[in-house]
file structure.txt (compact mmCIF, N, CA and C atoms)
# COMPACT_ATOMS: atom_id res chain seq x y z
N MET A 1 0.84 -1.18 0.00
CA MET A 1 0.00 0.00 0.00
C MET A 1 0.88 1.24 0.00
N LYS A 2 0.60 2.14 -0.91
CA LYS A 2 1.33 3.40 -0.98
C LYS A 2 0.33 4.54 -0.81
N TRP A 3 0.65 5.48 0.07
CA TRP A 3 -0.22 6.60 0.31
C TRP A 3 0.26 7.79 -0.51
N GLU A 4 -0.66 8.71 -0.82
CA GLU A 4 -0.29 9.91 -1.56
C GLU A 4 0.33 10.96 -0.66
N SER A 5 -0.09 10.98 0.60
CA SER A 5 0.51 11.88 1.58
C SER A 5 0.66 11.11 2.89
N ALA A 6 1.41 11.66 3.79
CA ALA A 6 1.68 10.97 5.05
C ALA A 6 0.37 10.79 5.84
N PRO A 7 0.01 9.54 6.13
CA PRO A 7 -1.23 9.31 6.88
C PRO A 7 -1.03 9.53 8.38
N LEU A 8 -2.05 9.98 9.03
CA LEU A 8 -1.95 10.23 10.47
C LEU A 8 -2.41 9.03 11.29
N TRP A 9 -3.46 8.34 10.85
CA TRP A 9 -4.03 7.29 11.70
C TRP A 9 -3.08 6.13 11.96
N PRO A 10 -2.23 5.63 11.01
CA PRO A 10 -1.38 4.50 11.37
C PRO A 10 -0.26 4.89 12.34
N VAL A 11 -0.03 6.16 12.50
CA VAL A 11 1.00 6.60 13.44
C VAL A 11 0.37 6.98 14.77
N ALA A 12 -0.69 7.75 14.74
CA ALA A 12 -1.28 8.29 15.97
C ALA A 12 -2.17 7.30 16.70
N LEU A 13 -3.06 6.64 16.00
CA LEU A 13 -4.04 5.79 16.66
C LEU A 13 -3.42 4.62 17.43
N PRO A 14 -2.49 3.85 16.83
CA PRO A 14 -1.88 2.77 17.62
C PRO A 14 -1.06 3.27 18.81
N SER A 15 -0.33 4.36 18.63
CA SER A 15 0.49 4.84 19.75
C SER A 15 -0.37 5.41 20.87
N ILE A 16 -1.46 6.08 20.54
CA ILE A 16 -2.36 6.59 21.58
C ILE A 16 -3.05 5.44 22.30
N THR A 17 -3.43 4.40 21.57
CA THR A 17 -4.05 3.23 22.19
C THR A 17 -3.08 2.56 23.16
N GLY A 18 -1.84 2.35 22.73
CA GLY A 18 -0.84 1.77 23.61
C GLY A 18 -0.57 2.64 24.82
N PHE A 19 -0.53 3.94 24.62
CA PHE A 19 -0.30 4.88 25.71
C PHE A 19 -1.41 4.77 26.75
N LEU A 20 -2.66 4.75 26.31
CA LEU A 20 -3.78 4.67 27.23
C LEU A 20 -3.81 3.33 27.96
N LEU A 21 -3.45 2.25 27.29
CA LEU A 21 -3.41 0.95 27.95
C LEU A 21 -2.34 0.89 29.03
N SER A 22 -1.27 1.62 28.86
CA SER A 22 -0.22 1.60 29.86
C SER A 22 -0.62 2.34 31.13
N LEU A 23 -1.62 3.20 31.05
CA LEU A 23 -2.07 3.95 32.21
C LEU A 23 -3.08 3.19 33.06
N ILE A 24 -3.66 2.12 32.55
CA ILE A 24 -4.71 1.39 33.27
C ILE A 24 -4.27 0.93 34.65
N PRO A 25 -3.08 0.33 34.83
CA PRO A 25 -2.72 -0.13 36.18
C PRO A 25 -2.57 1.00 37.20
N TYR A 26 -2.39 2.21 36.75
CA TYR A 26 -2.21 3.33 37.67
C TYR A 26 -3.54 3.96 38.10
N PHE A 27 -4.61 3.69 37.36
CA PHE A 27 -5.90 4.26 37.70
C PHE A 27 -6.91 3.23 38.20
N PHE A 28 -6.78 2.00 37.75
CA PHE A 28 -7.70 0.93 38.14
C PHE A 28 -6.89 -0.26 38.62
N GLU A 29 -7.43 -0.97 39.58
CA GLU A 29 -6.74 -2.16 40.07
C GLU A 29 -7.46 -3.40 39.56
N PHE A 30 -6.79 -4.11 38.66
CA PHE A 30 -7.30 -5.37 38.14
C PHE A 30 -6.34 -6.47 38.55
N GLU A 31 -6.82 -7.68 38.53
CA GLU A 31 -5.99 -8.80 38.95
C GLU A 31 -4.81 -9.03 38.02
N TYR A 32 -5.02 -8.88 36.73
CA TYR A 32 -3.99 -9.21 35.76
C TYR A 32 -3.10 -8.03 35.39
N PHE A 33 -3.51 -6.83 35.75
CA PHE A 33 -2.72 -5.66 35.43
C PHE A 33 -1.78 -5.35 36.59
N SER A 34 -0.54 -5.14 36.27
CA SER A 34 0.44 -4.81 37.27
C SER A 34 1.25 -3.62 36.76
N LYS A 35 1.80 -2.84 37.65
CA LYS A 35 2.59 -1.68 37.24
C LYS A 35 3.94 -2.09 36.68
N ARG A 36 4.38 -3.29 36.96
CA ARG A 36 5.69 -3.74 36.50
C ARG A 36 5.62 -4.70 35.33
N ASN A 37 4.43 -5.19 35.00
CA ASN A 37 4.29 -6.18 33.95
C ASN A 37 3.38 -5.64 32.85
N LEU A 38 3.88 -5.65 31.64
CA LEU A 38 3.10 -5.14 30.51
C LEU A 38 2.47 -6.26 29.69
N LEU A 39 2.44 -7.47 30.20
CA LEU A 39 1.91 -8.59 29.42
C LEU A 39 0.41 -8.44 29.16
N ALA A 40 -0.37 -8.04 30.15
CA ALA A 40 -1.81 -7.88 29.96
C ALA A 40 -2.12 -6.81 28.91
N PRO A 41 -1.48 -5.62 28.95
CA PRO A 41 -1.74 -4.66 27.88
C PRO A 41 -1.31 -5.15 26.49
N VAL A 42 -0.25 -5.94 26.42
CA VAL A 42 0.18 -6.48 25.12
C VAL A 42 -0.87 -7.47 24.61
N LEU A 43 -1.42 -8.29 25.48
CA LEU A 43 -2.47 -9.22 25.07
C LEU A 43 -3.73 -8.47 24.62
N ILE A 44 -4.03 -7.36 25.28
CA ILE A 44 -5.16 -6.53 24.84
C ILE A 44 -4.87 -5.91 23.48
N LEU A 45 -3.63 -5.48 23.25
CA LEU A 45 -3.26 -4.94 21.94
C LEU A 45 -3.40 -5.99 20.86
N ILE A 46 -3.04 -7.23 21.16
CA ILE A 46 -3.19 -8.31 20.17
C ILE A 46 -4.67 -8.50 19.84
N THR A 47 -5.51 -8.42 20.85
CA THR A 47 -6.95 -8.56 20.64
C THR A 47 -7.50 -7.36 19.86
N LEU A 48 -7.07 -6.17 20.20
CA LEU A 48 -7.52 -4.97 19.48
C LEU A 48 -7.04 -4.97 18.03
N GLY A 49 -5.97 -5.69 17.76
CA GLY A 49 -5.48 -5.78 16.39
C GLY A 49 -6.46 -6.45 15.44
N LEU A 50 -7.43 -7.15 15.98
CA LEU A 50 -8.45 -7.76 15.12
C LEU A 50 -9.25 -6.70 14.37
N PHE A 51 -9.25 -5.47 14.86
CA PHE A 51 -9.93 -4.39 14.15
C PHE A 51 -9.25 -4.06 12.81
N LEU A 52 -8.04 -4.55 12.61
CA LEU A 52 -7.38 -4.35 11.33
C LEU A 52 -8.12 -5.06 10.20
N THR A 53 -8.90 -6.06 10.54
CA THR A 53 -9.67 -6.76 9.50
C THR A 53 -10.82 -5.91 8.98
N LEU A 54 -11.13 -4.81 9.65
CA LEU A 54 -12.20 -3.91 9.20
C LEU A 54 -11.72 -2.85 8.21
N LEU A 55 -10.42 -2.82 7.95
CA LEU A 55 -9.88 -1.83 7.01
C LEU A 55 -10.37 -2.11 5.60
N PRO A 56 -10.38 -1.10 4.73
CA PRO A 56 -10.83 -1.31 3.35
C PRO A 56 -9.93 -2.29 2.60
N ASN A 57 -10.42 -2.76 1.48
CA ASN A 57 -9.69 -3.77 0.68
C ASN A 57 -8.41 -3.23 0.06
N LYS A 58 -8.25 -1.92 -0.02
CA LYS A 58 -7.04 -1.36 -0.63
C LYS A 58 -5.78 -1.66 0.19
N PHE A 59 -5.94 -2.10 1.45
CA PHE A 59 -4.79 -2.44 2.29
C PHE A 59 -4.29 -3.85 2.03
N GLY A 60 -4.99 -4.60 1.21
CA GLY A 60 -4.52 -5.94 0.85
C GLY A 60 -5.10 -7.01 1.75
N ASN A 61 -4.38 -8.11 1.85
CA ASN A 61 -4.81 -9.28 2.58
C ASN A 61 -4.89 -8.97 4.08
N LYS A 62 -6.06 -9.10 4.66
CA LYS A 62 -6.26 -8.77 6.07
C LYS A 62 -5.56 -9.75 7.00
N PHE A 63 -5.51 -11.03 6.62
CA PHE A 63 -4.82 -12.02 7.44
C PHE A 63 -3.33 -11.71 7.52
N GLU A 64 -2.76 -11.33 6.38
CA GLU A 64 -1.34 -10.96 6.35
C GLU A 64 -1.08 -9.72 7.21
N LEU A 65 -1.98 -8.76 7.15
CA LEU A 65 -1.85 -7.54 7.94
C LEU A 65 -1.88 -7.87 9.44
N TYR A 66 -2.83 -8.69 9.85
CA TYR A 66 -2.94 -9.07 11.26
C TYR A 66 -1.76 -9.92 11.70
N LEU A 67 -1.31 -10.81 10.83
CA LEU A 67 -0.16 -11.64 11.16
C LEU A 67 1.09 -10.79 11.37
N GLY A 68 1.29 -9.79 10.52
CA GLY A 68 2.41 -8.86 10.71
C GLY A 68 2.27 -8.08 11.99
N TYR A 69 1.05 -7.72 12.35
CA TYR A 69 0.80 -7.00 13.60
C TYR A 69 1.19 -7.85 14.80
N VAL A 70 0.76 -9.10 14.81
CA VAL A 70 1.06 -9.99 15.93
C VAL A 70 2.54 -10.30 16.00
N VAL A 71 3.16 -10.54 14.87
CA VAL A 71 4.61 -10.81 14.85
C VAL A 71 5.39 -9.60 15.35
N GLY A 72 4.99 -8.41 14.93
CA GLY A 72 5.67 -7.19 15.39
C GLY A 72 5.53 -6.98 16.88
N LEU A 73 4.32 -7.18 17.42
CA LEU A 73 4.13 -7.05 18.86
C LEU A 73 4.94 -8.07 19.63
N SER A 74 4.90 -9.30 19.18
CA SER A 74 5.63 -10.37 19.88
C SER A 74 7.12 -10.14 19.84
N ALA A 75 7.63 -9.80 18.68
CA ALA A 75 9.08 -9.60 18.54
C ALA A 75 9.56 -8.42 19.38
N SER A 76 8.82 -7.33 19.38
CA SER A 76 9.27 -6.16 20.14
C SER A 76 9.14 -6.39 21.65
N TYR A 77 8.14 -7.16 22.08
CA TYR A 77 8.01 -7.47 23.51
C TYR A 77 9.13 -8.41 23.96
N ILE A 78 9.44 -9.40 23.14
CA ILE A 78 10.54 -10.32 23.46
C ILE A 78 11.88 -9.57 23.44
N PHE A 79 12.03 -8.64 22.51
CA PHE A 79 13.24 -7.83 22.43
C PHE A 79 13.43 -7.03 23.71
N ARG A 80 12.31 -6.51 24.27
CA ARG A 80 12.39 -5.76 25.52
C ARG A 80 12.76 -6.67 26.69
N ILE A 81 12.27 -7.89 26.67
CA ILE A 81 12.59 -8.82 27.75
C ILE A 81 14.08 -9.10 27.78
N PHE A 82 14.68 -9.30 26.61
CA PHE A 82 16.10 -9.64 26.56
C PHE A 82 17.03 -8.46 26.77
N PHE A 83 16.65 -7.29 26.30
CA PHE A 83 17.56 -6.15 26.34
C PHE A 83 17.12 -5.03 27.28
N GLY A 84 15.99 -5.19 27.97
CA GLY A 84 15.55 -4.22 28.95
C GLY A 84 15.26 -2.86 28.35
N PHE A 85 15.72 -1.82 29.02
CA PHE A 85 15.44 -0.45 28.57
C PHE A 85 16.02 -0.18 27.19
N TYR A 86 17.17 -0.75 26.87
CA TYR A 86 17.77 -0.52 25.55
C TYR A 86 16.90 -1.11 24.46
N GLY A 87 16.20 -2.18 24.75
CA GLY A 87 15.26 -2.75 23.79
C GLY A 87 14.11 -1.81 23.51
N ILE A 88 13.66 -1.10 24.55
CA ILE A 88 12.59 -0.12 24.38
C ILE A 88 13.05 1.00 23.46
N VAL A 89 14.25 1.49 23.69
CA VAL A 89 14.79 2.59 22.88
C VAL A 89 14.90 2.16 21.42
N VAL A 90 15.37 0.96 21.17
CA VAL A 90 15.52 0.48 19.79
C VAL A 90 14.15 0.36 19.12
N VAL A 91 13.16 -0.17 19.81
CA VAL A 91 11.82 -0.32 19.23
C VAL A 91 11.24 1.05 18.88
N VAL A 92 11.35 2.00 19.78
CA VAL A 92 10.80 3.34 19.52
C VAL A 92 11.53 4.01 18.36
N LEU A 93 12.84 3.90 18.31
CA LEU A 93 13.60 4.52 17.21
C LEU A 93 13.30 3.87 15.86
N VAL A 94 13.13 2.56 15.85
CA VAL A 94 12.78 1.87 14.59
C VAL A 94 11.40 2.32 14.13
N TRP A 95 10.46 2.43 15.06
CA TRP A 95 9.11 2.87 14.69
C TRP A 95 9.14 4.31 14.16
N MET A 96 9.88 5.18 14.82
CA MET A 96 9.97 6.57 14.34
C MET A 96 10.62 6.64 12.97
N GLY A 97 11.66 5.82 12.77
CA GLY A 97 12.31 5.80 11.46
C GLY A 97 11.38 5.29 10.38
N GLN A 98 10.63 4.23 10.67
CA GLN A 98 9.69 3.70 9.69
C GLN A 98 8.57 4.69 9.39
N SER A 99 8.16 5.45 10.37
CA SER A 99 7.06 6.40 10.17
C SER A 99 7.45 7.52 9.22
N THR A 100 8.72 7.79 9.07
CA THR A 100 9.14 8.88 8.18
C THR A 100 9.14 8.48 6.71
N TYR A 101 9.30 7.19 6.41
CA TYR A 101 9.38 6.81 5.01
C TYR A 101 8.39 5.73 4.58
N MET A 102 7.71 5.12 5.50
CA MET A 102 6.86 3.97 5.19
C MET A 102 5.75 4.33 4.20
N TRP A 103 5.19 5.48 4.29
CA TRP A 103 4.06 5.86 3.47
C TRP A 103 4.46 6.16 2.02
N GLN A 104 5.74 6.37 1.76
CA GLN A 104 6.19 6.76 0.43
C GLN A 104 6.36 5.59 -0.53
N TYR A 105 6.48 4.38 0.00
CA TYR A 105 6.76 3.21 -0.82
C TYR A 105 5.61 2.22 -0.77
N ASN A 106 5.61 1.29 -1.68
CA ASN A 106 4.56 0.29 -1.76
C ASN A 106 5.01 -0.96 -1.00
N PHE A 107 4.58 -1.09 0.25
CA PHE A 107 4.96 -2.22 1.08
C PHE A 107 3.81 -3.20 1.18
N PRO A 108 4.12 -4.48 1.40
CA PRO A 108 3.05 -5.48 1.55
C PRO A 108 2.32 -5.31 2.88
N PRO A 109 1.14 -5.92 3.00
CA PRO A 109 0.36 -5.78 4.24
C PRO A 109 1.09 -6.28 5.49
N PHE A 110 1.91 -7.31 5.35
CA PHE A 110 2.66 -7.83 6.49
C PHE A 110 3.55 -6.75 7.08
N ARG A 111 4.23 -6.01 6.24
CA ARG A 111 5.13 -4.94 6.70
C ARG A 111 4.36 -3.78 7.31
N ILE A 112 3.18 -3.47 6.76
CA ILE A 112 2.35 -2.42 7.33
C ILE A 112 1.85 -2.85 8.71
N GLY A 113 1.53 -4.13 8.87
CA GLY A 113 1.12 -4.64 10.17
C GLY A 113 2.24 -4.51 11.20
N ILE A 114 3.47 -4.79 10.79
CA ILE A 114 4.61 -4.62 11.70
C ILE A 114 4.75 -3.15 12.09
N TRP A 115 4.59 -2.26 11.13
CA TRP A 115 4.69 -0.82 11.40
C TRP A 115 3.64 -0.38 12.42
N ILE A 116 2.40 -0.81 12.23
CA ILE A 116 1.33 -0.43 13.15
C ILE A 116 1.59 -1.02 14.54
N SER A 117 2.09 -2.25 14.59
CA SER A 117 2.35 -2.86 15.89
C SER A 117 3.51 -2.17 16.61
N LEU A 118 4.52 -1.76 15.89
CA LEU A 118 5.62 -1.02 16.53
C LEU A 118 5.12 0.32 17.08
N GLY A 119 4.16 0.93 16.42
CA GLY A 119 3.57 2.16 16.93
C GLY A 119 2.80 1.93 18.22
N SER A 120 2.05 0.84 18.28
CA SER A 120 1.26 0.58 19.49
C SER A 120 2.15 0.17 20.65
N ILE A 121 3.18 -0.61 20.40
CA ILE A 121 4.07 -1.02 21.50
C ILE A 121 4.94 0.15 21.94
N SER A 122 5.28 1.05 21.01
CA SER A 122 6.03 2.25 21.39
C SER A 122 5.20 3.14 22.30
N GLY A 123 3.92 3.31 21.97
CA GLY A 123 3.03 4.07 22.84
C GLY A 123 2.89 3.43 24.20
N LEU A 124 2.86 2.10 24.22
CA LEU A 124 2.78 1.38 25.50
C LEU A 124 4.03 1.61 26.34
N TYR A 125 5.19 1.54 25.73
CA TYR A 125 6.43 1.75 26.46
C TYR A 125 6.57 3.18 26.96
N ILE A 126 6.30 4.14 26.07
CA ILE A 126 6.43 5.55 26.46
C ILE A 126 5.42 5.90 27.54
N GLY A 127 4.19 5.40 27.41
CA GLY A 127 3.19 5.64 28.44
C GLY A 127 3.55 4.99 29.76
N GLY A 128 4.13 3.80 29.71
CA GLY A 128 4.55 3.13 30.93
C GLY A 128 5.65 3.89 31.65
N ILE A 129 6.59 4.41 30.89
CA ILE A 129 7.68 5.19 31.49
C ILE A 129 7.14 6.48 32.10
N MET A 130 6.26 7.16 31.36
CA MET A 130 5.70 8.41 31.88
C MET A 130 4.84 8.17 33.11
N ALA A 131 4.01 7.13 33.07
CA ALA A 131 3.12 6.85 34.21
C ALA A 131 3.93 6.45 35.43
N TYR A 132 4.99 5.68 35.24
CA TYR A 132 5.83 5.27 36.36
C TYR A 132 6.48 6.49 37.03
N ASN A 133 6.89 7.44 36.23
CA ASN A 133 7.56 8.63 36.78
C ASN A 133 6.60 9.67 37.32
N LEU A 134 5.37 9.69 36.83
CA LEU A 134 4.41 10.70 37.27
C LEU A 134 3.53 10.24 38.42
N PHE A 135 3.23 8.96 38.44
CA PHE A 135 2.28 8.47 39.46
C PHE A 135 3.03 7.67 40.45
call {"tool": "encode", "arguments": {"input": "structure.txt", "output": "structure tokens"}}
result
Amino acid sequence: MKWESAPLWPVALPSITGFLLSLIPYFFEFEYFSKRNLLAPVLILITLGLFLTLLPNKFGNKFELYLGYVVGLSASYIFRIFFGFYGIVVVVLVWMGQSTYMWQYNFPPFRIGIWISLGSISGLYIGGIMAYNLF
């Protein structure tokens, strides 16, 4: 999919969703949500990724798009587990780098799914860091 101009929704919507999910443990107390564990918000992001199947047909194969989304979320979460804070920095920088050029080229749905997932996990990480320091 190639866009004519830089789109806002694939950059803003996933990162805002991830950001808001990271704030849940600080405002509500649930059994599965913890301030130190981001596994529950990641599982919610995987579930919310099913909304990618509602996109128009111009985005290509919806299964491929969702598969790229899940692979991107899983890989970036595992990367954070192994490398800690440095893994978070790498994921955010890769997402920011992809956001500057991704819309200019014709990429397959799998790659677009990875881009959207990196945006949502980046919002989750940034929101978690901000919430930890503010609350």
call {"tool": "residues_near_point", "arguments": {"input": "structure.txt", "point": "(-1.2, 0.4, 22.7)", "cutoff": "6 Å", "atoms": "all atoms listed in the file", "output": "PDB file with N, CA and C atoms, in the frame of the given file"}}
result
ATOM      1  N   PRO A  14      -2.490   3.850  16.830  1.00  0.00           N
ATOM      2  CA  PRO A  14      -1.880   2.770  17.620  1.00  0.00           C
ATOM      3  C   PRO A  14      -1.060   3.270  18.810  1.00  0.00           C
ATOM      4  N   SER A  15      -0.330   4.360  18.630  1.00  0.00           N
ATOM      5  CA  SER A  15       0.490   4.840  19.750  1.00  0.00           C
ATOM      6  C   SER A  15      -0.370   5.410  20.870  1.00  0.00           C
ATOM      7  N   ILE A  16      -1.460   6.080  20.540  1.00  0.00           N
ATOM      8  CA  ILE A  16      -2.360   6.590  21.580  1.00  0.00           C
ATOM      9  C   ILE A  16      -3.050   5.440  22.300  1.00  0.00           C
ATOM     10  N   THR A  17      -3.430   4.400  21.570  1.00  0.00           N
ATOM     11  CA  THR A  17      -4.050   3.230  22.190  1.00  0.00           C
ATOM     12  C   THR A  17      -3.080   2.560  23.160  1.00  0.00           C
ATOM     13  N   GLY A  18      -1.840   2.350  22.730  1.00  0.00           N
ATOM     14  CA  GLY A  18      -0.840   1.770  23.610  1.00  0.00           C
ATOM     15  C   GLY A  18      -0.570   2.640  24.820  1.00  0.00           C
ATOM     16  N   PHE A  19      -0.530   3.940  24.620  1.00  0.00           N
ATOM     17  CA  PHE A  19      -0.300   4.880  25.710  1.00  0.00           C
ATOM     18  C   PHE A  19      -1.410   4.770  26.750  1.00  0.00           C
ATOM     19  N   LEU A  20      -2.660   4.750  26.310  1.00  0.00           N
ATOM     20  CA  LEU A  20      -3.780   4.670  27.230  1.00  0.00           C
ATOM     21  C   LEU A  20      -3.810   3.330  27.960  1.00  0.00           C
ATOM     22  N   LEU A  21      -3.450   2.250  27.290  1.00  0.00           N
ATOM     23  CA  LEU A  21      -3.410   0.950  27.950  1.00  0.00           C
ATOM     24  C   LEU A  21      -2.340   0.890  29.030  1.00  0.00           C
ATOM     25  N   LEU A  45      -3.630  -5.480  23.250  1.00  0.00           N
ATOM     26  CA  LEU A  45      -3.260  -4.940  21.940  1.00  0.00           C
ATOM     27  C   LEU A  45      -3.400  -5.990  20.860  1.00  0.00           C
ATOM     28  N   SER A 120       2.050   0.840  18.280  1.00  0.00           N
ATOM     29  CA  SER A 120       1.260   0.580  19.490  1.00  0.00           C
ATOM     30  C   SER A 120       2.150   0.170  20.650  1.00  0.00           C
ATOM     31  N   ILE A 121       3.180  -0.610  20.400  1.00  0.00           N
ATOM     32  CA  ILE A 121       4.070  -1.020  21.500  1.00  0.00           C
ATOM     33  C   ILE A 121       4.940   0.150  21.940  1.00  0.00           C
ATOM     34  N   GLY A 123       3.920   3.310  21.970  1.00  0.00           N
ATOM     35  CA  GLY A 123       3.030   4.070  22.840  1.00  0.00           C
ATOM     36  C   GLY A 123       2.890   3.430  24.200  1.00  0.00           C
ATOM     37  N   LEU A 124       2.860   2.100  24.220  1.00  0.00           N
ATOM     38  CA  LEU A 124       2.780   1.380  25.500  1.00  0.00           C
ATOM     39  C   LEU A 124       4.030   1.610  26.340  1.00  0.00           C
TER      40      LEU A 124
END
call {"tool": "closest_residue", "arguments": {"input": "structure.txt", "among": "A:Asn37, A:Phe59, A:Trp103, A:Ser122", "to": "Glu4 of chain A", "atoms": "only C-alpha atoms"}}
result
A:Trp103
call {"tool": "residues_around", "arguments": {"input": "structure.txt", "residues": "Gly60 of chain A", "least_positions_apart": "5", "cutoff": "8 Å", "atoms": "all atoms listed in the file", "output": "PyMOL selection string"}}
result
chain A and resi 1+55+65+108-110
call {"tool": "residues_around", "arguments": {"input": "structure.txt", "residues": "Val89 of chain A", "least_positions_apart": "4", "cutoff": "12 Å", "atoms": "only C-alpha atoms", "output": "ChimeraX atom specification"}}
result
/A:76,79-80,83-85,93-96,118,121-123,125-126,129
call {"tool": "closest_residue", "arguments": {"input": "structure.txt", "among": "A:Pro7, A:Gly113, A:Pro41, A:Gly119", "to": "Val71 of chain A", "atoms": "all atoms listed in the file"}}
result
A:Gly113
call {"tool": "select_by_dssp", "arguments": {"input": "structure.txt", "residues": "chain A", "states": "helix (DSSP H, G or I)", "output": "number ranges by chain"}}
result
A: 9-27, 39-54, 57-59, 62-83, 85-104, 109-134
call {"tool": "axis_aligned_box", "arguments": {"input": "structure.txt", "around": "segment 116-132 of chain A", "padding_each_side": "3 Å", "output": "lines of an AutoDock Vina configuration file"}}
result
center_x = 4.5
center_y = 2.8
center_z = 24.6
size_x = 12.4
size_y = 17.3
size_z = 30.8
call {"tool": "residues_around", "arguments": {"input": "structure.txt", "residues": "Ser34 of chain A", "least_positions_apart": "4", "cutoff": "6.5 Å", "atoms": "only N, CA and C atoms", "output": "ChimeraX atom specification"}}
result
/A:25,30,38
call {"tool": "atom_distance", "arguments": {"input": "structure.txt", "atom1": "atom CA of Val42 of chain A", "atom2": "atom C of Lys62 of chain A"}}
result
19.3 Å
call {"tool": "atom_distance", "arguments": {"input": "structure.txt", "atom1": "atom C of Val90 of chain A", "atom2": "atom CA of Phe28 of chain A"}}
result
29.0 Å
call {"tool": "atom_distance", "arguments": {"input": "structure.txt", "atom1": "atom CA of Thr53 of chain A", "atom2": "atom C of Tyr101 of chain A"}}
result
22.5 Å
call {"tool": "residues_around", "arguments": {"input": "structure.txt", "residues": "Gln104 of chain A", "least_positions_apart": "4", "cutoff": "10 Å", "atoms": "only C-alpha atoms", "output": "list of chain:residue names"}}
result
A:Met1, A:Lys2, A:Trp3, A:Glu4, A:Ser5, A:Ala6, A:Ser99, A:Thr100
call {"tool": "closest_residue", "arguments": {"input": "structure.txt", "among": "A:Leu23, A:Met102, A:Leu43, A:Leu8", "to": "Tyr132 of chain A", "atoms": "all atoms listed in the file"}}
result
A:Leu23
call {"tool": "decode", "arguments": {"input": "structure.txt", "residues": "segment 61-75 of chain A", "atoms": "N, CA, C and O atoms", "output": "PDB file, in the first residue's frame"}}
result
ATOM      1  N   ASN A  61      -4.380  -8.114   1.846  1.00  0.00           N
ATOM      2  CA  ASN A  61      -4.812  -9.285   2.580  1.00  0.00           C
ATOM      3  C   ASN A  61      -4.888  -8.971   4.080  1.00  0.00           C
ATOM      4  O   ASN A  61      -3.896  -8.642   4.714  1.00  0.00           O
ATOM      5  N   LYS A  62      -6.064  -9.103   4.656  1.00  0.00           N
ATOM      6  CA  LYS A  62      -6.265  -8.767   6.073  1.00  0.00           C
ATOM      7  C   LYS A  62      -5.559  -9.751   7.003  1.00  0.00           C
ATOM      8  O   LYS A  62      -5.053  -9.366   8.047  1.00  0.00           O
ATOM      9  N   PHE A  63      -5.512 -11.033   6.616  1.00  0.00           N
ATOM     10  CA  PHE A  63      -4.820 -12.021   7.444  1.00  0.00           C
ATOM     11  C   PHE A  63      -3.332 -11.711   7.521  1.00  0.00           C
ATOM     12  O   PHE A  63      -2.721 -11.785   8.580  1.00  0.00           O
ATOM     13  N   GLU A  64      -2.760 -11.327   6.384  1.00  0.00           N
ATOM     14  CA  GLU A  64      -1.341 -10.956   6.352  1.00  0.00           C
ATOM     15  C   GLU A  64      -1.075  -9.721   7.215  1.00  0.00           C
ATOM     16  O   GLU A  64      -0.076  -9.643   7.922  1.00  0.00           O
ATOM     17  N   LEU A  65      -1.981  -8.762   7.154  1.00  0.00           N
ATOM     18  CA  LEU A  65      -1.851  -7.542   7.941  1.00  0.00           C
ATOM     19  C   LEU A  65      -1.883  -7.865   9.437  1.00  0.00           C
ATOM     20  O   LEU A  65      -1.044  -7.391  10.203  1.00  0.00           O
ATOM     21  N   TYR A  66      -2.835  -8.694   9.849  1.00  0.00           N
ATOM     22  CA  TYR A  66      -2.943  -9.066  11.258  1.00  0.00           C
ATOM     23  C   TYR A  66      -1.760  -9.922  11.696  1.00  0.00           C
ATOM     24  O   TYR A  66      -1.255  -9.775  12.801  1.00  0.00           O
ATOM     25  N   LEU A  67      -1.314 -10.808  10.834  1.00  0.00           N
ATOM     26  CA  LEU A  67      -0.158 -11.643  11.163  1.00  0.00           C
ATOM     27  C   LEU A  67       1.090 -10.787  11.371  1.00  0.00           C
ATOM     28  O   LEU A  67       1.855 -10.999  12.322  1.00  0.00           O
ATOM     29  N   GLY A  68       1.287  -9.789  10.520  1.00  0.00           N
ATOM     30  CA  GLY A  68       2.406  -8.865  10.708  1.00  0.00           C
ATOM     31  C   GLY A  68       2.273  -8.080  11.991  1.00  0.00           C
ATOM     32  O   GLY A  68       3.266  -7.826  12.686  1.00  0.00           O
ATOM     33  N   TYR A  69       1.051  -7.722  12.353  1.00  0.00           N
ATOM     34  CA  TYR A  69       0.798  -7.001  13.603  1.00  0.00           C
ATOM     35  C   TYR A  69       1.186  -7.854  14.803  1.00  0.00           C
ATOM     36  O   TYR A  69       1.894  -7.393  15.699  1.00  0.00           O
ATOM     37  N   VAL A  70       0.759  -9.099  14.807  1.00  0.00           N
ATOM     38  CA  VAL A  70       1.056  -9.990  15.933  1.00  0.00           C
ATOM     39  C   VAL A  70       2.544 -10.302  16.005  1.00  0.00           C
ATOM     40  O   VAL A  70       3.142 -10.307  17.089  1.00  0.00           O
ATOM     41  N   VAL A  71       3.165 -10.535  14.875  1.00  0.00           N
ATOM     42  CA  VAL A  71       4.606 -10.811  14.852  1.00  0.00           C
ATOM     43  C   VAL A  71       5.392  -9.598  15.352  1.00  0.00           C
ATOM     44  O   VAL A  71       6.337  -9.733  16.123  1.00  0.00           O
ATOM     45  N   GLY A  72       4.995  -8.408  14.933  1.00  0.00           N
ATOM     46  CA  GLY A  72       5.669  -7.192  15.391  1.00  0.00           C
ATOM     47  C   GLY A  72       5.526  -6.979  16.883  1.00  0.00           C
ATOM     48  O   GLY A  72       6.494  -6.627  17.564  1.00  0.00           O
ATOM     49  N   LEU A  73       4.324  -7.185  17.420  1.00  0.00           N
ATOM     50  CA  LEU A  73       4.125  -7.045  18.860  1.00  0.00           C
ATOM     51  C   LEU A  73       4.940  -8.071  19.631  1.00  0.00           C
ATOM     52  O   LEU A  73       5.605  -7.745  20.623  1.00  0.00           O
ATOM     53  N   SER A  74       4.898  -9.303  19.180  1.00  0.00           N
ATOM     54  CA  SER A  74       5.626 -10.374  19.880  1.00  0.00           C
ATOM     55  C   SER A  74       7.124 -10.141  19.842  1.00  0.00           C
ATOM     56  O   SER A  74       7.806 -10.273  20.864  1.00  0.00           O
ATOM     57  N   ALA A  75       7.632  -9.799  18.678  1.00  0.00           N
ATOM     58  CA  ALA A  75       9.080  -9.599  18.539  1.00  0.00           C
ATOM     59  C   ALA A  75       9.563  -8.421  19.379  1.00  0.00           C
ATOM     60  O   ALA A  75      10.606  -8.508  20.039  1.00  0.00           O
TER      61      ALA A  75
END
